[in-house]
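Step one of this worksheet: look at the structure below.
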Amino acid sequence: MDSTWNDNQPIYRQLRDKVVAMILEGTLAEGDALPSVRSVAAEHTLNPLTVLKGYQQLVDEDWSRSGAAAACSSRRVRV
């Protein structure tokens, strides 16, 4: 995952967008575990709460399931 952030939108939203792009590209498939909040925060020098907020958006939008090991869900793309 690219760690280039811009000032046009919040980082948690950019993180969410990058994960969704990985799902749509097939880099992450249904059932694949998402990287842990701590590992993403450390790798990209982010506050863990920022990562958690991005991951929560994924859950809220049915892109991921929550739990100890968050995973991609079988969400279908809305048109």
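Just so we're on the same page: first chain in the structure tokens is A, next is B, and so on; residues restart at 1 for each chain, and ligands are numbered from 1 in the order they show up.
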
(request) List every residue of segment 27-62 of chain A that DSSP, applied to the backbone of this structure, assigns to helix (DSSP H, G or I), and report them as a PyMOL selection string. (result) chain A and resi 37-44+48-60

Those same residues, written as a CSV table (one decimal), in the first residue's frame with N, CA and C atoms?
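What follows is the written file part-v9.csv:
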chain,number,residue,atom,x,y,z
A,37,VAL,N,-4.1,-3.1,12.7
A,37,VAL,CA,-4.1,-1.6,12.9
A,37,VAL,C,-2.7,-1.2,13.3
A,38,ARG,N,-2.1,-1.9,14.3
A,38,ARG,CA,-0.8,-1.5,14.7
A,38,ARG,C,0.3,-1.5,13.6
A,39,SER,N,0.2,-2.6,12.8
A,39,SER,CA,1.2,-2.7,11.7
A,39,SER,C,1.0,-1.6,10.7
A,40,VAL,N,-0.2,-1.3,10.3
A,40,VAL,CA,-0.4,-0.2,9.3
A,40,VAL,C,0.0,1.1,9.9
A,41,ALA,N,-0.3,1.3,11.2
A,41,ALA,CA,0.1,2.6,11.8
A,41,ALA,C,1.6,2.7,11.9
A,42,ALA,N,2.3,1.7,12.2
A,42,ALA,CA,3.7,1.7,12.3
A,42,ALA,C,4.4,1.9,10.9
A,43,GLU,N,3.9,1.1,10.0
A,43,GLU,CA,4.5,1.2,8.6
A,43,GLU,C,4.3,2.5,7.9
A,44,HIS,N,3.2,3.2,8.2
A,44,HIS,CA,2.9,4.5,7.5
A,44,HIS,C,3.0,5.7,8.5
A,48,PRO,N,-2.7,5.1,15.4
A,48,PRO,CA,-3.6,3.9,15.3
A,48,PRO,C,-5.1,4.2,15.3
A,49,LEU,N,-5.5,5.3,15.9
A,49,LEU,CA,-6.9,5.7,15.8
A,49,LEU,C,-7.3,6.1,14.4
A,50,THR,N,-6.4,6.7,13.7
A,50,THR,CA,-6.6,7.1,12.3
A,50,THR,C,-6.9,5.8,11.5
A,51,VAL,N,-6.1,4.8,11.7
A,51,VAL,CA,-6.2,3.5,11.0
A,51,VAL,C,-7.5,2.9,11.4
A,52,LEU,N,-7.8,2.9,12.7
A,52,LEU,CA,-9.0,2.3,13.2
A,52,LEU,C,-10.3,3.0,12.6
A,53,LYS,N,-10.2,4.3,12.4
A,53,LYS,CA,-11.4,5.0,11.9
A,53,LYS,C,-11.5,4.6,10.4
A,54,GLY,N,-10.4,4.5,9.7
A,54,GLY,CA,-10.5,4.0,8.3
A,54,GLY,C,-11.1,2.6,8.2
A,55,TYR,N,-10.6,1.7,9.0
A,55,TYR,CA,-11.1,0.3,9.0
A,55,TYR,C,-12.6,0.3,9.4
A,56,GLN,N,-13.0,1.2,10.3
A,56,GLN,CA,-14.4,1.2,10.7
A,56,GLN,C,-15.3,1.6,9.6
A,57,GLN,N,-14.8,2.5,8.7
A,57,GLN,CA,-15.6,2.9,7.5
A,57,GLN,C,-15.8,1.7,6.6
A,58,LEU,N,-14.7,0.9,6.5
A,58,LEU,CA,-14.8,-0.3,5.7
A,58,LEU,C,-15.9,-1.2,6.2
A,59,VAL,N,-16.0,-1.4,7.5
A,59,VAL,CA,-17.0,-2.2,8.1
A,59,VAL,C,-18.4,-1.6,7.9
A,60,ASP,N,-18.5,-0.3,8.1
A,60,ASP,CA,-19.8,0.4,8.0
A,60,ASP,C,-20.3,0.3,6.5

(request) Apply DSSP to the backbone of this structure and, from chain A, keep only the residues in strand (DSSP E); write these as a ChimeraX atom specification. (result) /A:64-65,71-72

Could you turn the residues from that selection into a file that holds all heavy atoms, as a PDB file, in the first residue's frame?
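Listing of part-v9.pdb after writing:
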ATOM      1  N   SER A  64     -15.653  -4.869   4.738  1.00  0.00           N
ATOM      2  CA  SER A  64     -14.886  -5.706   5.657  1.00  0.00           C
ATOM      3  C   SER A  64     -15.785  -6.158   6.795  1.00  0.00           C
ATOM      4  O   SER A  64     -16.810  -5.539   7.080  1.00  0.00           O
ATOM      5  CB  SER A  64     -13.707  -4.889   6.209  1.00  0.00           C
ATOM      6  OG  SER A  64     -12.998  -5.617   7.171  1.00  0.00           O
ATOM      7  N   ARG A  65     -15.361  -7.243   7.430  1.00  0.00           N
ATOM      8  CA  ARG A  65     -16.023  -7.711   8.650  1.00  0.00           C
ATOM      9  C   ARG A  65     -15.139  -7.319   9.816  1.00  0.00           C
ATOM     10  O   ARG A  65     -13.914  -7.364   9.718  1.00  0.00           O
ATOM     11  CB  ARG A  65     -16.205  -9.224   8.611  1.00  0.00           C
ATOM     12  CG  ARG A  65     -17.163  -9.695   7.540  1.00  0.00           C
ATOM     13  CD  ARG A  65     -17.392 -11.191   7.640  1.00  0.00           C
ATOM     14  NE  ARG A  65     -16.144 -11.941   7.585  1.00  0.00           N
ATOM     15  CZ  ARG A  65     -15.632 -12.461   6.482  1.00  0.00           C
ATOM     16  NH1 ARG A  65     -16.247 -12.318   5.342  1.00  0.00           N
ATOM     17  NH2 ARG A  65     -14.498 -13.135   6.517  1.00  0.00           N
ATOM     18  N   ALA A  71     -11.474  -9.019   8.104  1.00  0.00           N
ATOM     19  CA  ALA A  71     -11.290  -9.646   6.793  1.00  0.00           C
ATOM     20  C   ALA A  71     -12.166  -8.964   5.764  1.00  0.00           C
ATOM     21  O   ALA A  71     -13.180  -8.352   6.104  1.00  0.00           O
ATOM     22  CB  ALA A  71     -11.624 -11.131   6.878  1.00  0.00           C
ATOM     23  N   CYS A  72     -11.791  -9.086   4.516  1.00  0.00           N
ATOM     24  CA  CYS A  72     -12.583  -8.538   3.419  1.00  0.00           C
ATOM     25  C   CYS A  72     -13.882  -9.320   3.325  1.00  0.00           C
ATOM     26  O   CYS A  72     -13.913 -10.519   3.524  1.00  0.00           O
ATOM     27  CB  CYS A  72     -11.831  -8.641   2.103  1.00  0.00           C
ATOM     28  SG  CYS A  72     -10.297  -7.704   2.096  1.00  0.00           S
TER      29      CYS A  72
END

(message) Give me the residues near Thr4 of chain A as a ChimeraX atom specification, where near means some atom within 10 Å (using only C-alpha atoms) and where sequence neighbours in that chain fewer than 2 positions away do not count.
(response) /A:1-2,6,11,14,44

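For Val20 of chain A, the non-local neighbours within 9 Å, defined as residues at least 5 positions apart in the same chain or in other chains and counting only C-alpha atoms, are Leu15, Glu25, Leu28, Leu58 and Trp63 of chain A.
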